[in-house]
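Enquirer: To start, I am sharing the structure in question, which I have written as structure tokens.
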Amino acid sequence: MRYAGLSVSDGVAAGALYLADNQAASDATPEQVAAAFAEVSAERAALADRLRAAGRADEGDIIAVAALIAADKRLAEPAVAAVRAGIEAATAVRQAAEAQAAALAALDSPELADRAADVRQIGQAVIEHLSGGRAAQPSGDFILVRREVAAADLIELAEAGLVGAASVTGGASSHAAIVARGLGLPMVTGIDPAALAAGSGHQGVIDADTGELIVDPAGTAVVAVQAPQRRSSRPSAEPAAARTADDFEITVLCNVASAAETRRGLAAGAAGVGLLRTEIPFTRALSWPTRAEHAAKLAPILRLLAGRPATVRLLDFSGDKVPPFLRRASETGLPALLAHPRAAADQLAAALELGGDTDLAMLVPMVSSPAEVASVRELLTATASGFGTRPPRLGIMVELAGTAAAAENFTEVADFFSIGTNDLTADVLGLQRRDPASGPALAAAPAVLRLIGHVVDVAAQARLPVSVCGDAAADPRALPLLLGLGVRALSVPAARVEWVRSSVSGLNIAACQSMAVQAIAAGQE
């Protein structure tokens with residue numbers, strides 16, 4: 001059976017299908033519903049303990065209340081009884097939660113009435129637990145198939161036999177697609193939901209070159225798929241600088257969210273990491289990560305980067321990366337991070353503690369005002385002082401159209417600019433990251449190029465380093481245009497480092513400049 005879709009990360013691979021979504025909540029038994037309430041309660045209780053141990057007692061107490069709600073028999077037992085009576089599980093849980101919430105909302109006590117929203121959230125968490133829990137993965141090489149593959153899925157499974165992925169939803173600019181390209185994993189999105197009915201363990205081929213998932217292919221088709229090339233994971237000791245045909249030096253770094261990507265990028269000749277996406281491992285978090293949790297995720301990556309650039313981005317909980325605890329918040333992204341008393345400080349402390357052997361820099365995402373950068377710098381200076389060290393360089397992501405247009409307003413508060421073409425392109429063209437029409441090549445649109453050129457010019461006048469860290473830097477159409485606009489530092493998906501270095505060597509800057517001028521002019525005709 002063949003399921004056609006949109007190729008978002010090239011390549012071909014064969015392996016057993018891994019249908020990671022467990023049975024739907026509608027099929028859950030009374031026992032499974034009872035277990036789901038208990039597991040949601042235990043998960044929140046464990047988190048509360050970790051938060052208290054990290055000195056965040058107020059947050060721990062809030063999460064502990066959620067654990068008690070999930071354990072309350074007055075909520076769980078009516079749902080279990082309803083399922084036993086023949087009501088579909090998701091409906092039973094939702095009705096039980098709504099009944100309990102309505103009872104609380106009717107009370108005279110404002111404090112208890114406020115718990116109504118907490119009860120509804122627990123009900124939703126139980127439903128998600130029943131329908132979205134991960135099934136046991138097969139041994140050997142496997143292809144991940146989910147309704148929506150998350151970037152965190154790919155990171156977690158990268159070194160456990162994962163060779164490719166397919167999903168019903170998602171686009172070329174989703175963060176799952178970005179991570180897949182970084183890992184060099186073929187991935188197809190937009191496949192028919194009927195593929196989710198195939199059983200785990202069936203053989204499959206993911207052919208992202210043609211954009212399809214093939215289930216139970218003929219044996220010859222499987223044999224024809226070559227095993228993924230085993231690349232050396234040993235970083236080159238002194239990567240030679242990439243140079244254009246007319247001898248302009250181009251710095252090539254890699255974008256990563258895992259140690260697997262970092263090893264691959266360094267082995268291919270990346271000079272270091274130009275963008276470390278720290279939020280990807282925490283997109284399922286129930287609270288802001290603690291310093292210890294940050295350290296656990298940063299350590300495997302930063303220890304690979306001794307003596308090399310390591311640009312660590314602050315948590316970017318926005319777009320398709322908003323974790324459960326922020327999905328009903330009034331603010332997400334940078335405003336939410338800065339509004340929390342400890343979130344940014346904990347992350348900065350972990351990065352400074354572990355990044356001492358690297359050429360460390362910190363990066364602020366989705367910046368919209370100089371005041372935001374000033375707030376982060378104040379925190380960074382105070383944190384570095386606590387370590388008795390000088391604060392590392394502080395840069396900003398230029399990924400909003402307004403920020404790019406007003407780049408000159410940020411030259412006094414930032415030490416460098418990093419242009420995020422994925423979000424900048426989406427903002428300029430009015431696209432969503434999950435839109436199938438979105439993709440790296442759209443950065444070649446005249447309106448986007450014009451803004452990138454403006455940012456590069458402003459940075460040159462202020463003598464600030466500037467780089468491009470979006471996937472457009474590894475796109476065949478966009479790469480020469482970026483060089484033509486004056487970009488001399490590129491941070492690209494780890495699996496594309498070798499291709500970018502090779503492509504740069506065949507480009508002539510004068511020709512690239514001419515191409516960029518023509519591309520921008522085309523938008524004015």
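Letters for chains follow the order of the structure tokens (A, B, ...), residue numbers begin at 1 for each chain, and ligand numbers begin at 1 in the order shown.
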Which neighbours of Ser505 in chain A fall inside 6 Å, counting only C-alpha atoms, when residues of the same chain fewer than 4 positions from it are skipped, and could you give them as number ranges by chain?
Expert: A: 243-245
Enquirer: Do you know which residues are at most 8 Å from range 81-96 of chain A counting only C-alpha atoms, after dropping those on the same chain fewer than 4 positions away, and could you put them as an MDAnalysis selection string?
Expert: chainID A and resid 25:30 33 75:77 100 120 123:124 126:127
Enquirer: Run DSSP on the backbone and tell me which residues of range 325-368 of chain A come out as alpha helix (DSSP H); list them as a list in words.
Expert: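 Those in range 325-368 of chain A that DSSP calls alpha helix (DSSP H) are Gly333, Leu334, Pro335, Ala336, Leu337, Leu338, Ala339, Ala343, Ala344, Ala345, Asp346, Gln347, Leu348, Ala349, Ala350, Ala351, Leu352, Glu353 and Leu354 of chain A.
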Enquirer: I need the residues from that last selection saved to file as a PDB file, in the first residue's frame (with C-alpha atoms), if you can.
Expert:
```
ATOM      1  CA  GLY A 333       7.376  32.797  23.842  1.00  0.00           C
ATOM      2  CA  LEU A 334       9.791  35.442  25.084  1.00  0.00           C
ATOM      3  CA  PRO A 335       7.218  37.508  27.059  1.00  0.00           C
ATOM      4  CA  ALA A 336       6.234  34.428  29.077  1.00  0.00           C
ATOM      5  CA  LEU A 337       9.886  33.526  29.688  1.00  0.00           C
ATOM      6  CA  LEU A 338      10.763  36.998  30.945  1.00  0.00           C
ATOM      7  CA  ALA A 339       7.620  37.231  33.087  1.00  0.00           C
ATOM      8  CA  ALA A 343      12.888  30.538  34.112  1.00  0.00           C
ATOM      9  CA  ALA A 344      15.479  32.550  32.179  1.00  0.00           C
ATOM     10  CA  ALA A 345      17.890  32.752  35.111  1.00  0.00           C
ATOM     11  CA  ASP A 346      17.858  28.960  35.556  1.00  0.00           C
ATOM     12  CA  GLN A 347      18.634  28.409  31.889  1.00  0.00           C
ATOM     13  CA  LEU A 348      21.400  31.008  31.811  1.00  0.00           C
ATOM     14  CA  ALA A 349      22.992  29.488  34.914  1.00  0.00           C
ATOM     15  CA  ALA A 350      22.991  26.002  33.369  1.00  0.00           C
ATOM     16  CA  ALA A 351      24.540  27.283  30.133  1.00  0.00           C
ATOM     17  CA  LEU A 352      27.263  29.249  31.928  1.00  0.00           C
ATOM     18  CA  GLU A 353      28.047  26.339  34.231  1.00  0.00           C
ATOM     19  CA  LEU A 354      28.495  23.858  31.373  1.00  0.00           C
TER      20      LEU A 354
END
```
Enquirer: Measuring between only C-alpha atoms, which one of A:Cys254, A:Ala57, A:Val398, A:Ala292 shows the shortest distance to Pro370 in chain A?
Expert: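 Smallest distance to Pro370 in chain A is found for A:Val398.
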Enquirer: Pick out the residues sitting within 8 Å of Glu148 in chain A, and hand them over as a list in words; count only C-alpha atoms, and ignore anything fewer than 6 positions along from it in its own chain.
Expert: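 Non-adjacent residues within range: Ser167, Val168, Thr169 and Gly170 of chain A.
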Enquirer: Find the residue from A:Ser467, A:Gln203, A:Ser514, A:Ser375 that sits nearest to Leu481 in chain A; use only C-alpha atoms when measuring.
Expert: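 Selected residue with least distance to Leu481 in chain A: A:Ser514.
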Enquirer: For Ile280 in chain A, please output as JSON, numbers by chain all residues within 10 Å (counting only C-alpha atoms; exclusion window: fewer than 2 positions along the same chain).
Expert: {"A": [150, 151, 152, 153, 154, 155, 175, 176, 179, 256, 257, 258, 276, 277, 278, 282, 283, 284, 315, 316, 317, 321, 322, 323]}
Enquirer: Could you name the residues that touch range 240-242 of chain A at 7 Å or less, counting only C-alpha atoms, but leaving out those on the same chain fewer than 5 positions away, as a list of chain:residue names?
Expert: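 What passes the distance filter is A:Glu249, A:Ile250, A:Thr251, A:Val252, A:Arg501, A:Val504, A:Ser505.
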Enquirer: Can you write out the residues you just picked, keeping N, CA and C atoms, as a compact mmCIF listing (two decimals), in the first residue's frame?
Expert:
```
# COMPACT_ATOMS: atom_id res chain seq x y z
N GLU A 249 35.86 33.83 2.45
CA GLU A 249 35.70 32.85 3.51
C GLU A 249 34.27 32.88 4.05
N ILE A 250 33.67 31.72 4.15
CA ILE A 250 32.30 31.57 4.67
C ILE A 250 32.34 30.63 5.87
N THR A 251 31.86 31.10 7.00
CA THR A 251 31.79 30.26 8.19
C THR A 251 30.54 29.39 8.12
N VAL A 252 30.72 28.09 8.26
CA VAL A 252 29.59 27.16 8.23
C VAL A 252 29.48 26.48 9.60
N ARG A 501 29.01 23.31 2.37
CA ARG A 501 30.43 23.59 2.18
C ARG A 501 30.83 23.35 0.73
N VAL A 504 29.25 26.12 -1.55
CA VAL A 504 29.93 27.42 -1.39
C VAL A 504 31.18 27.47 -2.27
N SER A 505 31.88 26.36 -2.34
CA SER A 505 33.15 26.34 -3.10
C SER A 505 32.94 26.58 -4.59
```
Enquirer: Grab the CA of Ala67 in chain A to CA of His294 in chain A distance for me, in Å with one decimal place.
Expert: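 Separation between CA of Ala67 in chain A and CA of His294 in chain A: 23.4 Å.
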Enquirer: Go ahead and compute the interatomic distance for CA of Gly272 in chain A and CA of Met362 in chain A, in Å to one decimal.
Expert: 14.0 Å
Enquirer: Just checking: using only C-alpha atoms, which residue out of A:Pro193, A:Gly60, A:Gly15, A:Gly184 ends up closest to Asp216 in chain A?
Expert: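 Selected residue with least distance to Asp216 in chain A: A:Gly15.
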Enquirer: Write down as a list in words the residues belonging to range 390-469 of chain A that are assigned strand (DSSP E or B) by DSSP computed on the backbone.
Expert: Arg393, Leu394, Gly395, Ile396, Met397, Val398, Phe416, Phe417, Ser418, Ile419, Val466, Ser467 and Val468 of chain A
